[in-house]
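S.K.: To be precise about what I am sending: the file is called input.cif and holds mmCIF, C-alpha atoms.
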data_input
loop_
_atom_site.group_PDB
_atom_site.id
_atom_site.type_symbol
_atom_site.label_atom_id
_atom_site.label_comp_id
_atom_site.auth_asym_id
_atom_site.auth_seq_id
_atom_site.Cartn_x
_atom_site.Cartn_y
_atom_site.Cartn_z
ATOM 1 C CA MET T 199 -16.904 -33.785 20.334
ATOM 2 C CA ARG T 200 -15.805 -35.429 23.553
ATOM 3 C CA LYS T 201 -15.125 -33.286 26.547
ATOM 4 C CA SER T 202 -11.382 -34.063 26.638
ATOM 5 C CA GLU T 203 -10.989 -33.206 22.940
ATOM 6 C CA ARG T 204 -12.698 -29.903 23.473
ATOM 7 C CA ALA T 205 -10.382 -29.122 26.375
ATOM 8 C CA LYS T 206 -7.396 -29.934 24.153
ATOM 9 C CA LEU T 207 -8.641 -27.606 21.408
ATOM 10 C CA THR T 208 -9.261 -24.829 23.932
ATOM 11 C CA GLY T 209 -5.706 -25.266 25.215
ATOM 12 C CA ARG T 210 -4.289 -24.961 21.692
ATOM 13 C CA ILE T 211 -6.297 -21.823 20.956
ATOM 14 C CA ALA T 212 -5.228 -20.275 24.263
ATOM 15 C CA LEU T 213 -1.555 -21.101 23.579
ATOM 16 C CA LEU T 214 -1.753 -19.474 20.158
ATOM 17 C CA GLY T 215 -3.341 -16.407 21.737
ATOM 18 C CA VAL T 216 -0.531 -16.152 24.291
ATOM 19 C CA LEU T 217 2.179 -16.593 21.629
ATOM 20 C CA GLY T 218 0.483 -13.946 19.468
ATOM 21 C CA ALA T 219 0.387 -11.553 22.420
ATOM 22 C CA GLN T 220 4.063 -12.228 23.149
ATOM 23 C CA ALA T 221 4.985 -11.483 19.520
ATOM 24 C CA LEU T 222 3.038 -8.201 19.682
ATOM 25 C CA ALA T 223 4.606 -7.242 22.998
ATOM 26 C CA LEU T 224 8.103 -7.835 21.596
ATOM 27 C CA SER T 225 7.321 -5.754 18.472
ATOM 28 C CA PHE T 226 6.020 -2.988 20.701
ATOM 29 C CA ILE T 227 9.054 -3.031 23.007
ATOM 30 C CA GLU T 228 11.485 -2.796 20.102
ATOM 31 C CA SER T 229 9.524 0.104 18.604
ATOM 32 C CA LEU T 230 10.545 2.041 21.738
ATOM 33 C CA LEU T 231 14.252 1.505 21.055
ATOM 34 C CA PRO T 232 16.100 4.492 19.571
ATOM 35 C CA PRO T 233 17.099 4.165 15.880
ATOM 36 C CA LEU T 234 20.296 2.143 15.624
ATOM 37 C CA PRO T 235 23.261 4.246 14.470
ATOM 38 C CA GLY T 236 24.349 3.583 10.892
ATOM 39 C CA MET T 237 21.310 1.421 10.200
ATOM 40 C CA PRO T 238 18.491 2.171 7.794
ATOM 41 C CA PRO T 239 15.732 4.008 9.671
ATOM 42 C CA GLY T 240 12.977 1.692 10.803
ATOM 43 C CA ALA T 241 15.299 -1.319 10.918
ATOM 44 C CA LYS T 242 14.517 -3.365 14.030
ATOM 45 C CA PRO T 243 16.194 -6.364 15.661
ATOM 46 C CA GLY T 244 13.053 -8.451 15.020
ATOM 47 C CA PHE T 245 12.635 -9.963 18.484
ATOM 48 C CA SER T 246 9.156 -11.170 17.596
ATOM 49 C CA ASN T 247 10.876 -13.571 15.186
ATOM 50 C CA ILE T 248 11.820 -15.525 18.319
ATOM 51 C CA VAL T 249 8.132 -16.330 18.805
ATOM 52 C CA THR T 250 7.493 -17.012 15.112
ATOM 53 C CA MET T 251 10.459 -19.358 14.911
ATOM 54 C CA TYR T 252 9.411 -21.234 18.030
ATOM 55 C CA THR T 253 5.896 -21.565 16.631
ATOM 56 C CA VAL T 254 7.079 -22.839 13.227
ATOM 57 C CA SER T 255 9.378 -25.450 14.734
ATOM 58 C CA TYR T 256 7.341 -26.689 17.699
ATOM 59 C CA ILE T 257 3.689 -25.974 16.911
ATOM 60 C CA GLY T 258 3.094 -25.618 13.177
ATOM 61 C CA THR T 259 3.522 -23.500 10.073
ATOM 62 C CA LYS T 260 -0.182 -22.624 9.876
ATOM 63 C CA GLN T 261 -0.151 -21.290 13.428
ATOM 64 C CA ALA T 262 3.013 -19.281 12.693
ATOM 65 C CA LEU T 263 1.339 -17.733 9.647
ATOM 66 C CA LEU T 264 -1.578 -16.766 11.874
ATOM 67 C CA ILE T 265 0.805 -14.989 14.262
ATOM 68 C CA THR T 266 2.389 -13.220 11.264
ATOM 69 C CA LEU T 267 -1.078 -12.039 10.229
ATOM 70 C CA ILE T 268 -1.898 -10.825 13.756
ATOM 71 C CA LYS T 269 1.372 -8.848 13.790
ATOM 72 C CA ALA T 270 0.566 -7.276 10.423
ATOM 73 C CA ILE T 271 -2.950 -6.305 11.545
ATOM 74 C CA PHE T 272 -1.483 -4.741 14.699
ATOM 75 C CA ALA T 273 1.043 -2.785 12.599
ATOM 76 C CA GLY T 274 -1.780 -1.697 10.274
ATOM 77 C CA LEU T 275 -3.981 -0.501 13.140
ATOM 78 C CA THR T 276 -1.212 1.442 14.863
ATOM 79 C CA ARG T 277 0.852 2.702 11.901
ATOM 80 C CA GLY T 278 -1.394 2.586 8.834
ATOM 81 C CA PRO T 279 -1.882 0.481 5.685
ATOM 82 C CA SER T 280 1.688 0.779 4.407
ATOM 83 C CA ALA T 281 2.955 -0.634 7.726
ATOM 84 C CA PHE T 282 0.471 -3.544 7.312
ATOM 85 C CA MET T 283 1.917 -4.356 3.892
ATOM 86 C CA MET T 284 5.522 -4.073 5.096
ATOM 87 C CA SER T 285 4.890 -6.283 8.118
ATOM 88 C CA LEU T 286 2.958 -8.909 6.142
ATOM 89 C CA ALA T 287 5.518 -9.103 3.313
ATOM 90 C CA GLY T 288 8.423 -9.514 5.741
ATOM 91 C CA GLY T 289 6.547 -11.930 7.994
ATOM 92 C CA LEU T 290 5.321 -14.220 5.207
ATOM 93 C CA LEU T 291 8.705 -14.460 3.492
ATOM 94 C CA SER T 292 10.606 -15.126 6.740
ATOM 95 C CA THR T 293 8.076 -17.730 7.938
ATOM 96 C CA PHE T 294 8.317 -19.436 4.550
ATOM 97 C CA VAL T 295 12.131 -19.555 4.778
ATOM 98 C CA MET T 296 12.048 -20.892 8.363
ATOM 99 C CA ALA T 297 9.525 -23.590 7.499
ATOM 100 C CA SER T 298 11.487 -24.672 4.406
ATOM 101 C CA MET T 299 14.842 -24.816 6.217
ATOM 102 C CA LEU T 300 13.347 -26.860 9.045
ATOM 103 C CA ARG T 301 11.990 -29.371 6.538
ATOM 104 C CA ILE T 302 15.183 -29.908 4.505
ATOM 105 C CA SER T 303 16.083 -33.577 5.058
ATOM 106 C CA GLY T 304 18.752 -34.015 7.734
ATOM 107 C CA ARG T 305 18.199 -30.371 8.711
ATOM 108 C CA PRO T 306 21.723 -29.097 7.950
ATOM 109 C CA ASN T 307 21.192 -25.746 9.711
ATOM 110 C CA GLY T 308 20.995 -24.956 13.396
ATOM 111 C CA ILE T 309 18.960 -22.232 15.081
ATOM 112 C CA ALA T 310 21.605 -19.604 14.242
ATOM 113 C CA GLY T 311 21.600 -20.257 10.491
ATOM 114 C CA ILE T 312 17.831 -20.507 10.220
ATOM 115 C CA SER T 313 17.470 -17.341 12.259
ATOM 116 C CA VAL T 314 19.963 -15.405 10.096
ATOM 117 C CA ALA T 315 18.348 -16.594 6.851
ATOM 118 C CA SER T 316 14.859 -15.762 8.083
ATOM 119 C CA ALA T 317 15.999 -12.311 9.248
ATOM 120 C CA ALA T 318 17.420 -11.733 5.752
ATOM 121 C CA ALA T 319 14.152 -12.971 4.223
ATOM 122 C CA HIS T 320 12.200 -10.634 6.496
ATOM 123 C CA ASN T 321 14.300 -7.674 5.363
ATOM 124 C CA MET T 322 14.082 -8.652 1.687
ATOM 125 C CA GLY T 323 10.284 -8.977 1.966
ATOM 126 C CA GLN T 324 10.052 -5.527 3.512
ATOM 127 C CA LEU T 325 12.403 -4.043 0.925
ATOM 128 C CA LEU T 326 10.309 -5.534 -1.891
ATOM 129 C CA ALA T 327 7.090 -4.239 -0.320
ATOM 130 C CA ALA T 328 8.591 -0.746 0.069
ATOM 131 C CA MET T 329 9.854 -0.804 -3.508
ATOM 132 C CA PHE T 330 6.380 -1.804 -4.677
ATOM 133 C CA LEU T 331 4.673 0.896 -2.592
ATOM 134 C CA LEU T 332 7.057 3.577 -3.860
ATOM 135 C CA ARG T 333 7.265 2.157 -7.423
ATOM 136 C CA SER T 334 10.980 2.755 -7.079
ATOM 137 C CA THR T 335 14.027 0.523 -7.282
ATOM 138 C CA ALA T 336 16.218 3.097 -5.508
ATOM 139 C CA LEU T 337 15.864 1.311 -2.177
ATOM 140 C CA VAL T 338 18.154 -1.518 -3.334
ATOM 141 C CA GLY T 339 20.848 0.855 -2.041
ATOM 142 C CA TYR T 340 19.897 -0.387 1.440
ATOM 143 C CA LEU T 341 20.599 -3.996 0.446
ATOM 144 C CA PRO T 342 24.258 -4.285 1.597
ATOM 145 C CA VAL T 343 23.679 -2.767 5.015
ATOM 146 C CA LEU T 344 20.472 -4.808 5.464
ATOM 147 C CA ILE T 345 22.339 -8.041 4.710
ATOM 148 C CA PHE T 346 24.951 -7.334 7.402
ATOM 149 C CA PHE T 347 22.168 -6.239 9.742
ATOM 150 C CA SER T 348 20.344 -9.564 9.166
ATOM 151 C CA VAL T 349 23.454 -11.533 10.138
ATOM 152 C CA ALA T 350 23.783 -9.563 13.383
ATOM 153 C CA THR T 351 20.106 -9.616 14.377
ATOM 154 C CA GLY T 352 19.664 -13.228 13.277
ATOM 155 C CA LEU T 353 22.516 -14.328 15.550
ATOM 156 C CA VAL T 354 21.081 -12.351 18.469
ATOM 157 C CA THR T 355 17.492 -13.611 18.124
ATOM 158 C CA GLY T 356 18.683 -17.178 17.425
ATOM 159 C CA THR T 357 20.791 -17.202 20.584
ATOM 160 C CA ILE T 358 17.941 -15.780 22.651
ATOM 161 C CA LEU T 359 15.590 -18.467 21.293
ATOM 162 C CA LYS T 360 18.064 -21.219 22.186
ATOM 163 C CA TYR T 361 18.092 -20.101 25.807
ATOM 164 C CA LEU T 362 14.357 -19.387 25.956
ATOM 165 C CA LEU T 363 13.415 -22.814 24.579
ATOM 166 C CA PRO T 364 12.963 -24.545 27.966
ATOM 167 C CA ALA T 365 10.699 -21.735 29.173
ATOM 168 C CA LEU T 366 8.677 -21.692 25.945
ATOM 169 C CA ASP T 367 8.310 -25.485 26.155
ATOM 170 C CA ARG T 368 7.020 -25.257 29.717
ATOM 171 C CA GLN T 369 4.545 -22.637 28.558
ATOM 172 C CA SER T 370 3.297 -24.924 25.763
ATOM 173 C CA GLU T 371 3.037 -27.878 28.144
ATOM 174 C CA PHE T 372 0.981 -25.799 30.512
ATOM 175 C CA PHE T 373 -1.612 -25.144 27.824
ATOM 176 C CA LEU T 374 -1.494 -28.441 25.964
ATOM 177 C CA LEU T 375 -1.267 -30.935 28.832
ATOM 178 C CA HIS T 376 -3.041 -29.086 31.618
ATOM 179 C CA LYS T 377 -6.045 -31.027 32.815
ATOM 180 C CA MET D 28 16.943 -30.982 20.538
ATOM 181 C CA ILE D 29 17.842 -28.477 17.815
ATOM 182 C CA LYS D 30 21.422 -27.168 17.936
ATOM 183 C CA LEU D 31 22.372 -23.487 17.998
ATOM 184 C CA PHE D 32 25.228 -23.853 15.471
ATOM 185 C CA LYS D 33 25.872 -26.392 12.787
ATOM 186 C CA ARG D 34 28.601 -26.406 10.160
ATOM 187 C CA ALA D 35 26.176 -25.221 7.441
ATOM 188 C CA ASP D 36 25.431 -22.101 9.503
ATOM 189 C CA PHE D 37 29.014 -20.876 9.137
ATOM 190 C CA TYR D 38 28.846 -21.254 5.363
ATOM 191 C CA LEU D 39 25.484 -19.505 5.285
ATOM 192 C CA ILE D 40 26.763 -16.560 7.342
ATOM 193 C CA LEU D 41 29.938 -16.367 5.234
ATOM 194 C CA PHE D 42 27.750 -16.316 2.101
ATOM 195 C CA PHE D 43 25.646 -13.453 3.451
ATOM 196 C CA CYS D 44 28.751 -11.447 4.402
ATOM 197 C CA LEU D 45 30.224 -11.898 0.909
ATOM 198 C CA LEU D 46 26.861 -10.926 -0.630
ATOM 199 C CA GLY D 47 26.886 -7.785 1.507
ATOM 200 C CA ILE D 48 30.400 -6.843 0.396
ATOM 201 C CA VAL D 49 29.687 -7.524 -3.297
ATOM 202 C CA SER D 50 26.516 -5.415 -3.235
ATOM 203 C CA PHE D 51 28.530 -2.445 -1.897
ATOM 204 C CA VAL D 52 30.797 -2.341 -4.961
ATOM 205 C CA PRO D 53 28.599 -0.343 -7.431
ATOM 206 C CA ARG D 54 28.464 2.539 -4.962
ATOM 207 C CA LEU D 55 32.249 2.980 -5.037
ATOM 208 C CA MET D 56 32.310 3.461 -8.806
ATOM 209 C CA ALA D 57 30.122 6.599 -9.139
ATOM 210 C CA SER D 58 31.588 10.045 -9.956
ATOM 211 C CA GLY D 59 30.327 13.510 -10.962
ATOM 212 C CA ASN D 60 28.006 16.148 -9.456
ATOM 213 C CA MET D 61 25.691 15.025 -6.679
ATOM 214 C CA THR D 62 22.075 14.987 -7.783
ATOM 215 C CA ALA D 63 18.788 14.272 -6.036
ATOM 216 C CA THR D 64 15.490 12.975 -7.346
ATOM 217 C CA ILE D 65 12.162 13.261 -5.564
ATOM 218 C CA SER D 66 9.563 10.762 -6.768
ATOM 219 C CA GLN D 67 6.033 9.857 -5.797
ATOM 220 C CA ARG D 68 4.510 6.509 -6.865
ATOM 221 C CA GLY D 69 7.260 6.143 -9.452
ATOM 222 C CA GLN D 70 6.620 9.607 -10.966
ATOM 223 C CA VAL D 71 9.610 11.948 -10.807
ATOM 224 C CA LEU D 72 8.512 15.245 -9.222
ATOM 225 C CA TYR D 73 11.865 17.032 -9.052
ATOM 226 C CA SER D 74 15.426 16.369 -10.031
ATOM 227 C CA ILE D 75 17.954 18.672 -8.456
ATOM 228 C CA ASP D 76 21.683 19.290 -8.872
ATOM 229 C CA LEU D 77 22.742 19.550 -5.232
ATOM 230 C CA ASP D 78 26.200 20.942 -5.994
ATOM 231 C CA ASN D 79 24.734 24.138 -7.545
ATOM 232 C CA ILE D 80 22.586 25.452 -4.713
ATOM 233 C CA GLN D 81 23.065 28.780 -2.966
ATOM 234 C CA GLY D 82 21.554 28.938 0.527
ATOM 235 C CA SER D 83 18.673 26.562 1.132
ATOM 236 C CA TYR D 84 14.982 26.150 0.366
ATOM 237 C CA THR D 85 12.093 23.898 1.316
ATOM 238 C CA ILE D 86 9.863 21.928 -1.014
ATOM 239 C CA THR D 87 6.432 21.104 0.406
ATOM 240 C CA ILE D 88 4.664 18.070 -1.006
ATOM 241 C CA ASP D 89 0.952 18.364 -0.272
ATOM 242 C CA GLY D 90 -1.249 15.385 0.373
ATOM 243 C CA ARG D 91 -2.153 13.089 3.215
ATOM 244 C CA PRO D 92 0.338 12.875 4.786
ATOM 245 C CA SER D 93 2.177 15.999 3.618
ATOM 246 C CA ALA D 94 5.929 16.472 3.880
ATOM 247 C CA ASP D 95 8.578 19.210 3.790
ATOM 248 C CA ILE D 96 11.889 18.538 2.097
ATOM 249 C CA LEU D 97 14.886 20.759 2.854
ATOM 250 C CA VAL D 98 17.349 21.332 0.003
ATOM 251 C CA LYS D 99 20.867 22.674 0.733
ATOM 252 C CA LYS D 100 24.198 22.587 -1.080
ATOM 253 C CA GLY D 101 25.200 18.931 -1.094
ATOM 254 C CA GLU D 102 22.349 17.925 1.224
ATOM 255 C CA ILE D 103 18.684 16.991 0.995
ATOM 256 C CA GLY D 104 16.244 15.405 3.417
ATOM 257 C CA PHE D 105 12.793 15.274 4.965
ATOM 258 C CA VAL D 106 12.393 17.803 7.776
ATOM 259 C CA ARG D 107 8.670 17.460 8.508
ATOM 260 C CA ALA D 108 6.024 14.851 7.761
ATOM 261 C CA THR D 109 2.520 14.280 9.048
ATOM 262 C CA CYS D 110 2.741 10.473 8.977
ATOM 263 C CA PRO D 111 2.608 8.432 12.228
ATOM 264 C CA ASP D 112 6.123 6.994 12.451
ATOM 265 C CA LYS D 113 8.298 9.810 10.965
ATOM 266 C CA ILE D 114 10.827 7.294 9.659
ATOM 267 C CA CYS D 115 11.615 9.672 6.781
ATOM 268 C CA VAL D 116 12.548 12.522 9.150
ATOM 269 C CA LYS D 117 14.578 10.176 11.379
ATOM 270 C CA THR D 118 16.605 9.217 8.295
ATOM 271 C CA GLY D 119 18.162 12.693 8.489
ATOM 272 C CA MET D 120 19.844 14.543 5.652
ATOM 273 C CA LEU D 121 21.261 12.666 2.687
ATOM 274 C CA THR D 122 24.826 13.842 2.091
ATOM 275 C CA LYS D 123 26.305 11.121 -0.115
ATOM 276 C CA PRO D 124 25.332 9.761 -3.535
ATOM 277 C CA GLY D 125 23.449 6.463 -3.512
ATOM 278 C CA GLN D 126 21.422 7.226 -0.394
ATOM 279 C CA SER D 127 17.667 7.361 -0.116
ATOM 280 C CA ALA D 128 15.002 8.525 2.286
ATOM 281 C CA ALA D 129 11.453 7.311 1.903
ATOM 282 C CA CYS D 130 8.077 8.206 3.340
ATOM 283 C CA LEU D 131 5.955 5.128 2.731
ATOM 284 C CA PRO D 132 2.557 6.542 3.767
ATOM 285 C CA ALA D 133 3.046 9.448 1.311
ATOM 286 C CA LYS D 134 4.640 7.107 -1.284
ATOM 287 C CA LEU D 135 7.515 9.603 -1.524
ATOM 288 C CA ILE D 136 11.159 8.815 -2.045
ATOM 289 C CA ILE D 137 14.253 10.999 -2.298
ATOM 290 C CA THR D 138 17.296 9.392 -3.855
ATOM 291 C CA THR D 139 20.739 10.810 -4.394
ATOM 292 C CA GLY D 140 23.049 9.936 -7.238
ATOM 293 C CA LYS D 141 25.856 11.206 -9.408
ATOM 294 C CA ALA D 142 25.281 13.188 -12.605
ATOM 295 C CA THR D 143 26.984 11.636 -15.597
ATOM 296 C CA GLY D 144 29.718 13.895 -17.029
ATOM 297 C CA ARG D 145 28.282 17.038 -18.672
ATOM 298 C CA LYS D 146 26.751 19.832 -16.648
ATOM 299 C CA ALA D 147 23.193 19.065 -15.572
ATOM 300 C CA PRO D 148 20.449 21.718 -15.161
ATOM 301 C CA ASP D 149 20.075 23.079 -11.615
ATOM 302 C CA VAL D 150 16.449 21.998 -11.127
ATOM 303 C CA ILE D 151 13.981 20.237 -13.365
ATOM 304 C CA THR D 152 10.347 20.266 -12.299
ATOM 305 C CA TYR D 153 7.895 17.812 -13.793
#
Translate the structure described by the file into structure tokens.
M.R.:
Amino acid sequence: MRKSERAKLTGRIALLGVLGAQALALSFIESLLPPLPGMPPGAKPGFSNIVTMYTVSYIGTKQALLITLIKAIFAGLTRGPSAFMMSLAGGLLSTFVMASMLRISGRPNGIAGISVASAAAHNMGQLLAAMFLLRSTALVGYLPVLIFFSVATGLVTGTILKYLLPALDRQSEFFLLHK
Amino acid sequence: MIKLFKRADFYLILFFCLLGIVSFVPRLMASGNMTATISQRGQVLYSIDLDNIQGSYTITIDGRPSADILVKKGEIGFVRATCPDKICVKTGMLTKPGQSAACLPAKLIITTGKATGRKAPDVITY
């Protein structure tokens, strides 16, 4: 491998590490927020989806899946195996939805729509994982409130991503083009 | 550059809002005594008629983590759990039919519902 290629690869690995750390930091910060009134307990705005969505659209689906896995491992280490399963199920389903919507020809949806749909997918994944863990279908009762919650959080995280894009791009350039 | 909003986003959001409203409907159609079911890994441990309770009592579910469930007239909920995140306790008391509180690490779930018509037994233990 030529020296310049190796430097490029190192830059990509470092960028992925930084994005992973940013996703973890955002998950940690939102775990400090008080429970939202009227919302199912444990429901979070999903700020780390900002990082996942940036990674899917500007770096690659494989790298986004890796960040999803890192998040799940972090959840597992800090909150136990059921948290690992919940995080992984939500993360995989939402990353899958983001990647698919970005690849639809003509890309009919903007950041807001993709963000709302992926927030809904994240919640559905977690609901399915919880239903599997509990062997109970009773949790479908949370479905209506989770759907409205996804619309709200998806709009918030989508808007934040839109305004963070220039900064995230500069960050990527720093790692990918830095000599 | 990717746009924040496109026309399809409005339809998508409208669809989700309608889906949310439609999925609320079954809850409005229940009637009868308020009941509660406590299950672990899909096995029903207790089913309780919450409208026929004098005073209050606590059910302790042993295991790792263990949990205490408080039962009162018309109310049920987790009051103590030894799991790390205590999401079940933060859920608070369930006071309406169709609610649920779950402790994932203990694989426990409390659900509330409505008894159908005839008088149900006060408590059934399995």
S.K.: Excluding Gly125 (chain D) and its own-chain neighbours fewer than 2 positions away, which residues fall within 10 Å of it when counting only C-alpha atoms? Please give them as a PyMOL selection string.
M.R.: (chain T and resi 336-340) or (chain D and resi 53-55+57+61-63+121-123+127+138-141)
S.K.: Out of T:Ser229, T:Thr266, T:Phe373, T:Val295, which residue has the shortest atom-to-atom distance to chain D when counting all atoms listed in the file?
M.R.: T:Ser229
S.K.: Could you list, as a list of chain:residue names, every residue of chain T that has an atom within 7 Å of an atom of chain D, counting only C-alpha atoms?
M.R.: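 Residues of chain T within 7 Å of chain D, counting only C-alpha atoms: T:Pro239, T:Gly240, T:Arg277, T:Ser280, T:Pro306, T:Asn307, T:Gly308, T:Ile309, T:Ala310, T:Gly311, T:Ala328, T:Leu331, T:Leu332, T:Arg333, T:Ser334, T:Ala336, T:Leu337, T:Gly339, T:Pro342, T:Val343, T:Ile345, T:Phe346, T:Val349, T:Thr357, T:Lys360.
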S.K.: For each of T:Met299, T:Met237, T:Val216, T:Leu290, take the minimum atom-to-atom distance to Met322 (chain T), counting only C-alpha atoms, then give the residue where this is smallest.
M.R.: T:Leu290
S.K.: Going by the chain IDs and residue numbers used in this file, which residues fall under the PyMOL selection byres ((chain T and resi 293) around 12)? Write them as an NGL selection string.
M.R.: :T and (246-255 or 258-267 or 285-292 or 294-300 or 312-313 or 315-320 or 323)
S.K.: Just give me the gap between CA of Pro279 (chain T) and CA of Ala94 (chain D) in Å, one decimal is fine.
M.R.: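 Going from CA of Pro279 (chain T) over to CA of Ala94 (chain D) covers 17.9 Å.
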S.K.: Tell me, as a PyMOL selection string, which residues lie within 12 Å of Gln369 (chain T), counting all atoms listed in the file; anything in the same chain fewer than 3 positions away does not count.
M.R.: chain T and resi 209-210+212-214+216-217+220+252+256+362-366+372-376
S.K.: For a quick check of understanding, using all atoms listed in the file, which of D:Asp95, D:Phe42, D:Pro124, D:Gly90 has the smallest distance to Thr64 (chain D)?
M.R.: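 Closest to Thr64 (chain D), using all atoms listed in the file: D:Pro124.
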S.K.: I need every residue sitting at most 6 Å from the point (6.6, 23.0, 2.0) (coordinates as in the file, only C-alpha atoms considered), written as a ChimeraX atom specification.
M.R.: /D:85-87,95
S.K.: Could you state the separation of CA of Thr355 (chain T) and CA of Val314 (chain T) in Å, given to one decimal place?
M.R.: 8.6 Å
S.K.: Out of T:Met283, T:Thr208, T:Leu359, T:Ala219, which residue has the shortest atom-to-atom distance to Gln324 (chain T) when counting only C-alpha atoms?
M.R.: T:Met283
S.K.: Between CA of Tyr361 (chain T) and CA of Gly215 (chain T), what is the spacing in Å?
M.R.: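 Value for the CA of Gly215 (chain T)-CA of Tyr361 (chain T) distance: 22.1 Å.
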S.K.: Smallest atom-to-atom distance to Tyr153 (chain D): which of D:Asn60, D:Lys100, D:Met120, D:Ile75, using only C-alpha atoms?
M.R.: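 Closest to Tyr153 (chain D) of all the choices is D:Ile75.
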S.K.: Since the input lacks some atoms of region 301-307 of chain T, please model all heavy atoms and print them as a short mmCIF file (atom, residue, chain, number, x, y, z; two decimals), keeping the file's coordinate frame.
M.R.:
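Everything below was put into result_7.cif:
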data_model
loop_
_atom_site.label_atom_id
_atom_site.label_comp_id
_atom_site.auth_asym_id
_atom_site.auth_seq_id
_atom_site.Cartn_x
_atom_site.Cartn_y
_atom_site.Cartn_z
N ARG T 301 12.45 -28.15 7.18
CA ARG T 301 11.99 -29.37 6.54
C ARG T 301 13.02 -30.01 5.61
O ARG T 301 12.79 -31.12 5.14
CB ARG T 301 10.69 -29.09 5.77
CG ARG T 301 9.47 -29.24 6.65
CD ARG T 301 8.27 -28.52 6.10
NE ARG T 301 7.23 -28.39 7.08
CZ ARG T 301 7.30 -27.64 8.18
NH1 ARG T 301 8.41 -26.96 8.44
NH2 ARG T 301 6.29 -27.57 9.03
N ILE T 302 14.14 -29.30 5.33
CA ILE T 302 15.18 -29.91 4.50
C ILE T 302 15.63 -31.20 5.19
O ILE T 302 15.85 -31.21 6.41
CB ILE T 302 16.40 -28.95 4.34
CG1 ILE T 302 15.99 -27.69 3.60
CG2 ILE T 302 17.54 -29.65 3.60
CD1 ILE T 302 17.10 -26.64 3.53
N SER T 303 15.78 -32.29 4.42
CA SER T 303 16.08 -33.58 5.06
C SER T 303 17.45 -33.52 5.74
O SER T 303 18.42 -32.98 5.19
CB SER T 303 16.04 -34.70 4.03
OG SER T 303 17.07 -34.54 3.10
N GLY T 304 17.52 -34.05 6.95
CA GLY T 304 18.75 -34.02 7.73
C GLY T 304 18.96 -32.69 8.45
O GLY T 304 19.84 -32.57 9.27
N ARG T 305 18.15 -31.73 8.13
CA ARG T 305 18.20 -30.37 8.71
C ARG T 305 19.63 -29.89 8.94
O ARG T 305 20.16 -29.93 10.06
CB ARG T 305 17.42 -30.34 10.03
CG ARG T 305 17.16 -28.91 10.47
CD ARG T 305 16.46 -28.85 11.79
NE ARG T 305 15.07 -29.28 11.69
CZ ARG T 305 14.30 -29.49 12.75
NH1 ARG T 305 14.76 -29.34 13.95
NH2 ARG T 305 13.05 -29.85 12.57
N PRO T 306 20.31 -29.47 7.83
CA PRO T 306 21.72 -29.10 7.95
C PRO T 306 21.97 -27.86 8.82
O PRO T 306 23.07 -27.69 9.33
CB PRO T 306 22.15 -28.83 6.50
CG PRO T 306 20.88 -28.58 5.76
CD PRO T 306 19.81 -29.34 6.46
N ASN T 307 20.96 -27.00 8.98
CA ASN T 307 21.19 -25.75 9.71
C ASN T 307 20.70 -25.81 11.15
O ASN T 307 19.71 -26.46 11.46
CB ASN T 307 20.49 -24.58 9.00
CG ASN T 307 21.17 -24.22 7.71
OD1 ASN T 307 20.73 -24.61 6.64
ND2 ASN T 307 22.28 -23.51 7.80
#
